[in-house]
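**Student:** Just my_file_17.pdb, nothing more (PDB, C-alpha atoms):
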```pdb
ATOM      1  CA  MET A   7     -15.730   8.994  54.834
ATOM      2  CA  LYS A   8     -14.511   5.598  55.938
ATOM      3  CA  VAL A   9     -14.735   2.139  54.297
ATOM      4  CA  GLN A  10     -13.426  -1.302  55.239
ATOM      5  CA  ALA A  11     -12.708  -4.018  52.682
ATOM      6  CA  TYR A  12     -11.454  -7.585  52.994
ATOM      7  CA  SER A  13      -9.307  -9.895  50.915
ATOM      8  CA  PRO A  14      -8.469 -13.501  51.710
ATOM      9  CA  ALA A  15      -4.868 -14.529  52.097
ATOM     10  CA  HIS A  16      -3.620 -16.973  49.497
ATOM     11  CA  ILE A  17      -1.064 -19.759  49.266
ATOM     12  CA  THR A  18       0.362 -20.728  45.888
ATOM     13  CA  GLY A  19       1.500 -24.328  45.536
ATOM     14  CA  PHE A  20       3.131 -24.133  42.109
ATOM     15  CA  PHE A  21       3.364 -21.573  39.345
ATOM     16  CA  SER A  22       4.977 -20.535  36.076
ATOM     17  CA  ILE A  23       6.014 -16.954  35.364
ATOM     18  CA  TYR A  24       4.775 -15.025  32.337
ATOM     19  CA  GLU A  25       6.223 -11.592  31.608
ATOM     20  CA  ALA A  26       4.922  -9.115  29.066
ATOM     21  CA  THR A  27       5.600  -5.477  28.247
ATOM     22  CA  ASP A  28       2.117  -4.706  29.597
ATOM     23  CA  PRO A  29       1.960  -5.324  33.386
ATOM     24  CA  MET A  30      -1.732  -6.211  32.992
ATOM     25  CA  ARG A  31      -0.726  -9.225  30.904
ATOM     26  CA  THR A  32       2.229 -10.110  33.085
ATOM     27  CA  GLY A  33       1.366 -12.722  35.678
ATOM     28  CA  SER A  34       1.518 -16.424  36.316
ATOM     29  CA  ILE A  35      -0.284 -19.644  35.707
ATOM     30  CA  GLY A  36      -0.419 -22.092  38.576
ATOM     31  CA  ALA A  37      -2.586 -23.281  41.419
ATOM     32  CA  GLY A  38      -3.308 -22.139  44.941
ATOM     33  CA  ILE A  39      -5.865 -21.869  47.690
ATOM     34  CA  CYS A  40      -7.451 -18.935  49.539
ATOM     35  CA  LEU A  41      -7.618 -18.660  53.340
ATOM     36  CA  ARG A  42     -10.477 -17.064  55.246
ATOM     37  CA  LYS A  43      -7.828 -15.409  57.381
ATOM     38  CA  GLY A  44      -6.550 -12.508  55.352
ATOM     39  CA  VAL A  45      -6.287  -8.727  55.247
ATOM     40  CA  TYR A  46      -8.860  -6.213  56.480
ATOM     41  CA  THR A  47      -8.177  -2.727  55.170
ATOM     42  CA  GLU A  48      -9.852   0.363  56.572
ATOM     43  CA  VAL A  49      -9.472   3.571  54.592
ATOM     44  CA  GLU A  50     -10.457   7.043  55.745
ATOM     45  CA  ILE A  51     -10.243  10.076  53.473
ATOM     46  CA  LYS A  52     -10.643  13.769  54.261
ATOM     47  CA  PRO A  53     -10.704  16.667  51.781
ATOM     48  CA  SER A  54      -7.479  18.672  51.845
ATOM     49  CA  THR A  55      -5.455  21.248  49.933
ATOM     50  CA  ARG A  56      -2.869  18.598  49.050
ATOM     51  CA  ASN A  57      -2.631  14.836  48.887
ATOM     52  CA  GLU A  58      -1.155  13.060  51.907
ATOM     53  CA  ILE A  59      -0.922   9.303  52.443
ATOM     54  CA  TYR A  60      -0.471   7.514  55.767
ATOM     55  CA  ILE A  61      -0.201   3.713  55.782
ATOM     56  CA  TYR A  62      -0.239   1.486  58.860
ATOM     57  CA  ILE A  63       0.245  -2.257  59.015
ATOM     58  CA  ASN A  64      -1.048  -3.851  62.206
ATOM     59  CA  GLY A  65      -0.892  -0.441  63.858
ATOM     60  CA  LEU A  66       2.644   0.519  62.824
ATOM     61  CA  PRO A  67       3.604   3.051  60.114
ATOM     62  CA  ASP A  68       4.898   1.361  56.975
ATOM     63  CA  PRO A  69       5.893   2.623  53.493
ATOM     64  CA  ALA A  70       4.078  -0.395  51.911
ATOM     65  CA  ALA A  71       5.203   0.282  48.333
ATOM     66  CA  THR A  72       2.498  -1.828  46.672
ATOM     67  CA  SER A  73      -0.326  -0.250  48.668
ATOM     68  CA  SER A  74       1.184   3.180  48.066
ATOM     69  CA  SER A  75       1.089   2.560  44.302
ATOM     70  CA  VAL A  76      -2.605   1.663  44.525
ATOM     71  CA  VAL A  77      -3.660   4.766  46.409
ATOM     72  CA  ARG A  78      -1.551   7.074  44.219
ATOM     73  CA  HIS A  79      -3.333   5.689  41.166
ATOM     74  CA  TYR A  80      -6.685   6.660  42.666
ATOM     75  CA  LEU A  81      -5.527  10.117  43.702
ATOM     76  CA  LYS A  82      -4.385  10.785  40.127
ATOM     77  CA  SER A  83      -7.817   9.729  38.871
ATOM     78  CA  VAL A  84      -9.733  12.512  40.650
ATOM     79  CA  ARG A  85      -9.389  16.298  40.723
ATOM     80  CA  GLU A  86      -9.914  16.670  44.477
ATOM     81  CA  LYS A  87      -7.092  16.406  47.044
ATOM     82  CA  TYR A  88      -7.305  14.151  50.100
ATOM     83  CA  VAL A  89      -5.571  13.089  53.245
ATOM     84  CA  VAL A  90      -5.738   9.294  53.108
ATOM     85  CA  LYS A  91      -5.273   7.090  56.165
ATOM     86  CA  ILE A  92      -4.885   3.367  55.405
ATOM     87  CA  SER A  93      -4.908   0.718  58.113
ATOM     88  CA  HIS A  94      -4.113  -2.856  57.101
ATOM     89  CA  LEU A  95      -4.960  -5.554  59.648
ATOM     90  CA  ILE A  96      -3.061  -8.653  58.514
ATOM     91  CA  GLN A  97      -4.041 -11.950  60.132
ATOM     92  CA  VAL A  98      -1.249 -14.112  58.678
ATOM     93  CA  PRO A  99       2.566 -13.814  58.556
ATOM     94  CA  ILE A 100       3.973 -11.193  56.175
ATOM     95  CA  GLY A 101       6.545 -12.171  53.537
ATOM     96  CA  SER A 102       5.924 -15.842  54.168
ATOM     97  CA  GLY A 103       3.920 -17.093  51.205
ATOM     98  CA  PHE A 104       0.439 -15.927  52.260
ATOM     99  CA  GLY A 105      -0.106 -13.326  49.532
ATOM    100  CA  THR A 106      -0.418 -10.444  51.988
ATOM    101  CA  SER A 107       0.872  -7.790  49.598
ATOM    102  CA  GLY A 108      -1.724  -8.707  47.000
ATOM    103  CA  ALA A 109      -4.472  -8.962  49.626
ATOM    104  CA  GLY A 110      -3.546  -5.556  50.992
ATOM    105  CA  ALA A 111      -3.526  -4.025  47.517
ATOM    106  CA  LEU A 112      -6.826  -5.622  46.494
ATOM    107  CA  SER A 113      -8.739  -4.714  49.657
ATOM    108  CA  LEU A 114      -7.284  -1.197  49.501
ATOM    109  CA  SER A 115      -8.316  -0.785  45.869
ATOM    110  CA  TYR A 116     -11.871  -1.873  46.647
ATOM    111  CA  ALA A 117     -12.042   0.541  49.587
ATOM    112  CA  MET A 118     -10.649   3.512  47.656
ATOM    113  CA  ASN A 119     -13.001   2.832  44.762
ATOM    114  CA  GLU A 120     -15.982   2.747  47.118
ATOM    115  CA  LEU A 121     -14.959   5.983  48.838
ATOM    116  CA  LEU A 122     -14.532   7.811  45.532
ATOM    117  CA  GLY A 123     -17.956   6.798  44.238
ATOM    118  CA  ASN A 124     -17.050   3.607  42.322
ATOM    119  CA  ILE A 125     -15.186   5.392  39.565
ATOM    120  CA  TYR A 126     -14.049   1.951  38.368
ATOM    121  CA  SER A 127     -15.830  -1.370  37.964
ATOM    122  CA  LYS A 128     -14.994  -4.192  40.388
ATOM    123  CA  VAL A 129     -12.731  -5.901  37.863
ATOM    124  CA  GLU A 130     -10.982  -2.612  37.032
ATOM    125  CA  ALA A 131     -10.343  -2.011  40.742
ATOM    126  CA  ALA A 132      -8.784  -5.473  40.950
ATOM    127  CA  GLN A 133      -6.664  -4.698  37.883
ATOM    128  CA  ILE A 134      -5.220  -1.657  39.664
ATOM    129  CA  ALA A 135      -4.122  -3.920  42.521
ATOM    130  CA  HIS A 136      -2.572  -6.432  40.087
ATOM    131  CA  TYR A 137      -0.678  -3.644  38.311
ATOM    132  CA  ALA A 138       0.743  -2.409  41.624
ATOM    133  CA  GLU A 139       1.885  -5.940  42.558
ATOM    134  CA  VAL A 140       3.666  -6.464  39.248
ATOM    135  CA  ILE A 141       5.509  -3.140  39.102
ATOM    136  CA  ASN A 142       6.658  -3.513  42.706
ATOM    137  CA  LYS A 143       7.697  -7.164  42.153
ATOM    138  CA  THR A 144       5.728  -8.381  45.176
ATOM    139  CA  GLY A 145       3.614 -10.914  43.299
ATOM    140  CA  LEU A 146       2.293 -12.112  39.955
ATOM    141  CA  GLY A 147      -0.887 -14.165  40.252
ATOM    142  CA  THR A 148      -1.979 -13.442  43.806
ATOM    143  CA  VAL A 149      -4.543 -10.734  43.080
ATOM    144  CA  ILE A 150      -6.525 -12.727  40.510
ATOM    145  CA  ALA A 151      -6.588 -15.709  42.897
ATOM    146  CA  GLU A 152      -7.826 -13.577  45.815
ATOM    147  CA  TYR A 153     -10.373 -11.963  43.510
ATOM    148  CA  TYR A 154     -12.025 -15.360  42.937
ATOM    149  CA  GLY A 155     -11.340 -17.318  46.148
ATOM    150  CA  GLY A 156     -11.480 -21.107  46.592
ATOM    151  CA  LEU A 157      -8.999 -23.606  45.181
ATOM    152  CA  GLU A 158      -8.025 -22.090  41.864
ATOM    153  CA  ILE A 159      -6.084 -23.042  38.754
ATOM    154  CA  ARG A 160      -4.736 -20.039  36.883
ATOM    155  CA  VAL A 161      -4.646 -21.302  33.303
ATOM    156  CA  GLU A 162      -3.928 -18.012  31.531
ATOM    157  CA  PRO A 163      -1.748 -15.234  32.990
ATOM    158  CA  GLY A 164      -2.727 -11.642  33.655
ATOM    159  CA  ALA A 165      -4.869  -9.386  35.785
ATOM    160  CA  PRO A 166      -8.522 -10.102  36.620
ATOM    161  CA  GLY A 167     -10.532  -9.731  33.420
ATOM    162  CA  ILE A 168      -7.499 -10.753  31.367
ATOM    163  CA  GLY A 169      -6.137 -13.913  32.994
ATOM    164  CA  LYS A 170      -8.283 -17.026  33.155
ATOM    165  CA  VAL A 171      -9.059 -19.008  36.329
ATOM    166  CA  ILE A 172     -10.782 -22.324  36.932
ATOM    167  CA  LYS A 173     -12.212 -22.199  40.463
ATOM    168  CA  HIS A 174     -13.126 -25.134  42.695
ATOM    169  CA  HIS A 175     -15.214 -24.860  45.878
ATOM    170  CA  VAL A 176     -13.591 -26.406  48.973
ATOM    171  CA  PRO A 177     -15.893 -28.153  51.504
ATOM    172  CA  ASP A 178     -16.395 -26.437  54.872
ATOM    173  CA  ASN A 179     -15.178 -29.470  56.817
ATOM    174  CA  LEU A 180     -11.599 -28.894  55.628
ATOM    175  CA  LEU A 181      -9.095 -26.520  57.218
ATOM    176  CA  LEU A 182      -5.739 -25.248  56.065
ATOM    177  CA  ILE A 183      -2.950 -25.577  58.618
ATOM    178  CA  ALA A 184       0.383 -23.871  57.996
ATOM    179  CA  VAL A 185       3.644 -23.839  59.950
ATOM    180  CA  ASN A 186       5.721 -20.727  59.391
ATOM    181  CA  PHE A 187       9.419 -20.287  60.186
ATOM    182  CA  GLY A 188      10.046 -16.869  58.659
ATOM    183  CA  GLU A 189      10.226 -14.876  55.452
ATOM    184  CA  ILE A 190      11.452 -15.322  51.915
ATOM    185  CA  TYR A 191      11.720 -12.107  49.924
ATOM    186  CA  THR A 192       9.598 -12.535  46.801
ATOM    187  CA  LYS A 193      11.360  -9.667  45.028
ATOM    188  CA  THR A 194      14.695 -11.501  45.352
ATOM    189  CA  ILE A 195      13.272 -14.660  43.776
ATOM    190  CA  LEU A 196      11.432 -12.836  41.008
ATOM    191  CA  SER A 197      14.625 -10.962  40.058
ATOM    192  CA  ASN A 198      16.777 -14.109  39.677
ATOM    193  CA  LYS A 199      16.743 -15.282  36.022
ATOM    194  CA  ILE A 200      18.033 -18.792  36.735
ATOM    195  CA  ILE A 201      15.451 -19.492  39.430
ATOM    196  CA  LYS A 202      12.680 -17.967  37.323
ATOM    197  CA  LYS A 203      13.443 -20.286  34.393
ATOM    198  CA  ARG A 204      13.487 -23.338  36.667
ATOM    199  CA  ILE A 205      10.146 -22.302  38.160
ATOM    200  CA  SER A 206       8.491 -21.684  34.794
ATOM    201  CA  ASP A 207       9.681 -24.919  33.207
ATOM    202  CA  ARG A 208       8.214 -27.071  35.959
ATOM    203  CA  GLY A 209       5.188 -24.966  36.845
ATOM    204  CA  SER A 210       3.541 -25.160  33.437
ATOM    205  CA  LYS A 211       3.880 -28.966  33.471
ATOM    206  CA  TYR A 212       2.064 -29.211  36.793
ATOM    207  CA  VAL A 213      -0.749 -26.895  35.695
ATOM    208  CA  THR A 214      -1.537 -29.399  32.937
ATOM    209  CA  GLU A 215      -1.334 -32.347  35.331
ATOM    210  CA  PHE A 216      -3.541 -30.681  37.943
ATOM    211  CA  GLN A 217      -6.309 -29.952  35.445
ATOM    212  CA  ARG A 218      -6.622 -33.700  34.835
ATOM    213  CA  GLU A 219      -7.230 -34.350  38.549
ATOM    214  CA  PRO A 220      -8.116 -31.106  40.405
ATOM    215  CA  THR A 221      -8.352 -32.556  43.919
ATOM    216  CA  ILE A 222      -6.923 -31.232  47.191
ATOM    217  CA  ASN A 223      -4.614 -34.225  47.574
ATOM    218  CA  ASN A 224      -3.263 -33.873  44.061
ATOM    219  CA  PHE A 225      -2.740 -30.144  44.590
ATOM    220  CA  LEU A 226      -0.640 -30.884  47.686
ATOM    221  CA  LEU A 227       1.310 -33.681  46.000
ATOM    222  CA  LEU A 228       2.147 -31.637  42.891
ATOM    223  CA  SER A 229       3.019 -28.604  45.021
ATOM    224  CA  ARG A 230       5.496 -30.644  47.058
ATOM    225  CA  ARG A 231       7.124 -32.038  43.919
ATOM    226  CA  PHE A 232       7.385 -28.528  42.506
ATOM    227  CA  ALA A 233       9.131 -27.235  45.639
ATOM    228  CA  TYR A 234      11.691 -30.049  45.514
ATOM    229  CA  GLU A 235      12.338 -29.865  41.770
ATOM    230  CA  THR A 236      12.829 -26.096  41.694
ATOM    231  CA  GLY A 237      15.216 -26.174  44.653
ATOM    232  CA  LEU A 238      13.041 -23.701  46.563
ATOM    233  CA  MET A 239      12.626 -26.143  49.441
ATOM    234  CA  ASP A 240      15.729 -26.151  51.656
ATOM    235  CA  ASP A 241      16.882 -28.971  53.937
ATOM    236  CA  PHE A 242      15.140 -27.529  56.992
ATOM    237  CA  LEU A 243      11.734 -27.241  55.320
ATOM    238  CA  SER A 244      12.262 -30.722  53.924
ATOM    239  CA  ASP A 245      12.580 -31.950  57.508
ATOM    240  CA  VAL A 246       9.290 -30.223  58.382
ATOM    241  CA  VAL A 247       7.633 -31.901  55.400
ATOM    242  CA  GLU A 248       8.874 -35.291  56.613
ATOM    243  CA  VAL A 249       7.239 -34.718  60.012
ATOM    244  CA  PHE A 250       3.879 -34.261  58.277
ATOM    245  CA  ILE A 251       4.405 -37.318  56.071
ATOM    246  CA  ARG A 252       5.340 -39.528  59.034
ATOM    247  CA  GLY A 253       2.110 -38.416  60.678
ATOM    248  CA  GLY A 254       0.117 -39.513  57.632
ATOM    249  CA  TYR A 255      -0.554 -36.055  56.168
ATOM    250  CA  GLU A 256       0.085 -34.588  52.709
ATOM    251  CA  PRO A 257       2.203 -31.411  53.056
ATOM    252  CA  ALA A 258       3.627 -28.817  50.650
ATOM    253  CA  MET A 259       5.629 -25.593  50.717
ATOM    254  CA  ALA A 260       3.996 -22.194  50.295
ATOM    255  CA  MET A 261       5.297 -20.116  47.400
ATOM    256  CA  LEU A 262       7.203 -18.105  48.420
ATOM    257  CA  GLY A 263       7.854 -18.455  52.138
ATOM    258  CA  LYS A 264       9.449 -20.578  54.822
ATOM    259  CA  THR A 265       6.057 -22.167  55.317
ATOM    260  CA  VAL A 266       4.829 -25.756  55.133
ATOM    261  CA  PHE A 267       1.083 -26.300  54.848
ATOM    262  CA  SER A 268      -1.568 -28.954  54.432
ATOM    263  CA  VAL A 269      -5.348 -29.162  54.052
ATOM    264  CA  VAL A 270      -6.899 -31.491  56.614
ATOM    265  CA  LYS A 271     -10.136 -32.408  58.353
ATOM    266  CA  ILE A 272     -11.133 -30.352  61.383
ATOM    267  CA  ASP A 273     -10.577 -33.218  63.821
ATOM    268  CA  GLU A 274      -6.991 -33.703  62.589
ATOM    269  CA  VAL A 275      -5.741 -30.218  63.494
ATOM    270  CA  ALA A 276      -5.009 -30.871  67.181
ATOM    271  CA  ASP A 277      -2.892 -33.915  66.292
ATOM    272  CA  ILE A 278      -0.809 -31.904  63.819
ATOM    273  CA  ILE A 279      -0.246 -29.082  66.304
ATOM    274  CA  ARG A 280       0.984 -31.586  68.932
ATOM    275  CA  MET A 281       3.246 -33.167  66.343
ATOM    276  CA  ILE A 282       4.797 -29.817  65.329
ATOM    277  CA  ARG A 283       5.266 -28.623  68.906
ATOM    278  CA  THR A 284       6.950 -31.913  69.832
ATOM    279  CA  GLU A 285       9.432 -31.590  66.974
ATOM    280  CA  PHE A 286      10.019 -27.830  66.852
ATOM    281  CA  GLY A 287       8.854 -26.382  70.162
ATOM    282  CA  GLU A 288       7.052 -23.061  70.401
ATOM    283  CA  SER A 289       9.161 -21.195  67.808
ATOM    284  CA  PRO A 290       7.158 -21.737  64.609
ATOM    285  CA  ARG A 291       3.951 -19.811  64.092
ATOM    286  CA  ILE A 292       1.013 -22.123  63.377
ATOM    287  CA  ILE A 293      -1.874 -20.749  61.328
ATOM    288  CA  VAL A 294      -5.206 -22.556  61.105
ATOM    289  CA  SER A 295      -7.888 -21.228  58.797
ATOM    290  CA  HIS A 296     -11.047 -22.181  56.960
ATOM    291  CA  ILE A 297     -10.879 -21.898  53.188
ATOM    292  CA  GLU A 298     -12.358 -18.716  51.698
ATOM    293  CA  ASN A 299     -14.494 -19.611  48.695
ATOM    294  CA  ASP A 300     -15.941 -16.165  47.898
ATOM    295  CA  GLY A 301     -12.956 -13.849  47.384
ATOM    296  CA  ALA A 302     -12.372 -10.187  48.223
ATOM    297  CA  ARG A 303     -15.216  -7.782  49.038
ATOM    298  CA  ILE A 304     -16.357  -4.593  50.763
ATOM    299  CA  ILE A 305     -17.228  -5.079  54.447
ATOM    300  CA  TYR A 306     -18.861  -1.689  55.187
TER     301      TYR A 306
END
```
Translate the structure of the given file into structure tokens.

**Tutor:**
Amino acid sequence: MKVQAYSPAHITGFFSIYEATDPMRTGSIGAGICLRKGVYTEVEIKPSTRNEIYIYINGLPDPAATSSSVVRHYLKSVREKYVVKISHLIQVPIGSGFGTSGAGALSLSYAMNELLGNIYSKVEAAQIAHYAEVINKTGLGTVIAEYYGGLEIRVEPGAPGIGKVIKHHVPDNLLLIAVNFGEIYTKTILSNKIIKKRISDRGSKYVTEFQREPTINNFLLLSRRFAYETGLMDDFLSDVVEVFIRGGYEPAMAMLGKTVFSVVKIDEVADIIRMIRTEFGESPRIIVSHIENDGARIIY
């Protein structure tokens, strides 16, 4: 009894936080883009006399609180007991603004649902992943974005089936390139009241602006302004942004990570990589990915 599911990674450019007493209605509005590189989750279950959960991330044991919350929800939903082995293969940096926690939770929820005979609908399975993200403070709008794929505008907050998304298809001749210098702990940001207010005040303004002109270039421009105005972009990342701008590219900062990204034509990628290596050497991790327009799904 083994199933593999996939969820795209996701980069948020700007957002505004909405909190409610019901985690299903807690979330964010904002805009972001899904990467074809993402999270593949393989789940194997075996009948047992008691429930046991084993989680591995890229081959190493990990407590993975958000994923643990997802699987515990499923185990409470059935009478049988299982040993559950979860293996997350994550193709992008963790804790760096790529939505890996949400992608892990969403792909895991799809896999568990499939293994247990689809006891929930697809949207309900996605809601379980959203709930786990919110209560563990690892994300707000990531799951609904990865559920849909593409370049999305989240115009109403909440879980899939509750929040509202306007989705735009991204042409295949465009790639996302990201330069990562490390982690930012989302939980720390989402627990800081001052930062949260600054984010929400500016994020809602940019959601309105982006709906008037929902293009890739405008997404990148508004995302960069958001990062500067909220103070989330530090001096070092600002220097990275300037390298892109001097090269003639439109960059932005991933929310929330020490990551600068852009969306460019395929034949521009090699030039950007040379530019980054010249300025920063081999230390940053460079991620290049097609855009994922279809969202999360079962693989087998």

**Student:** Which of these residues is nearest to Arg218 in chain A, using only C-alpha atoms: A:Arg204, A:Ala276, A:Ile159, A:Val247?

**Tutor:**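 When distances to Arg218 in chain A are compared using only C-alpha atoms, the smallest one comes from A:Ile159.
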
**Student:** So how many Å separate CA of Tyr12 in chain A and CA of Val98 in chain A, to one decimal?

**Tutor:** 13.4 Å

**Student:** What residues come out when you apply the PyMOL selection byres ((chain A and resi 106) around 9) to this file, written as a PyMOL selection string?

**Tutor:** chain A and resi 13-16+44-45+96+98-105+107-111+148

**Student:** Apply the PyMOL selection byres ((chain A and resi 160-176) around 9) to the file shown and report the selected residues as a count of residues only.

**Tutor:** 48

**Student:** Pick the closest to Ser244 in chain A from A:Val90, A:Ile200, A:Ala71, A:Val266: which is it, counting all atoms listed in the file?

**Tutor:**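 Selected residue with least distance to Ser244 in chain A: A:Val266.
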
**Student:** Determine, counting only C-alpha atoms, which protein, DNA and RNA residues have an atom within 10 Å of an atom of Asn119 in chain A; residues of the same chain fewer than 4 positions away are not included. Present the result as a PyMOL selection string.

**Tutor:** chain A and resi 9+77+80+113-115+123-128+130-131

**Student:** Specify as JSON, numbers by chain each residue included when the PyMOL selection byres ((chain A and resi 85) around 12) is applied to this file.

**Tutor:** {"A": [53, 54, 55, 56, 57, 80, 81, 82, 83, 84, 86, 87, 88, 122]}
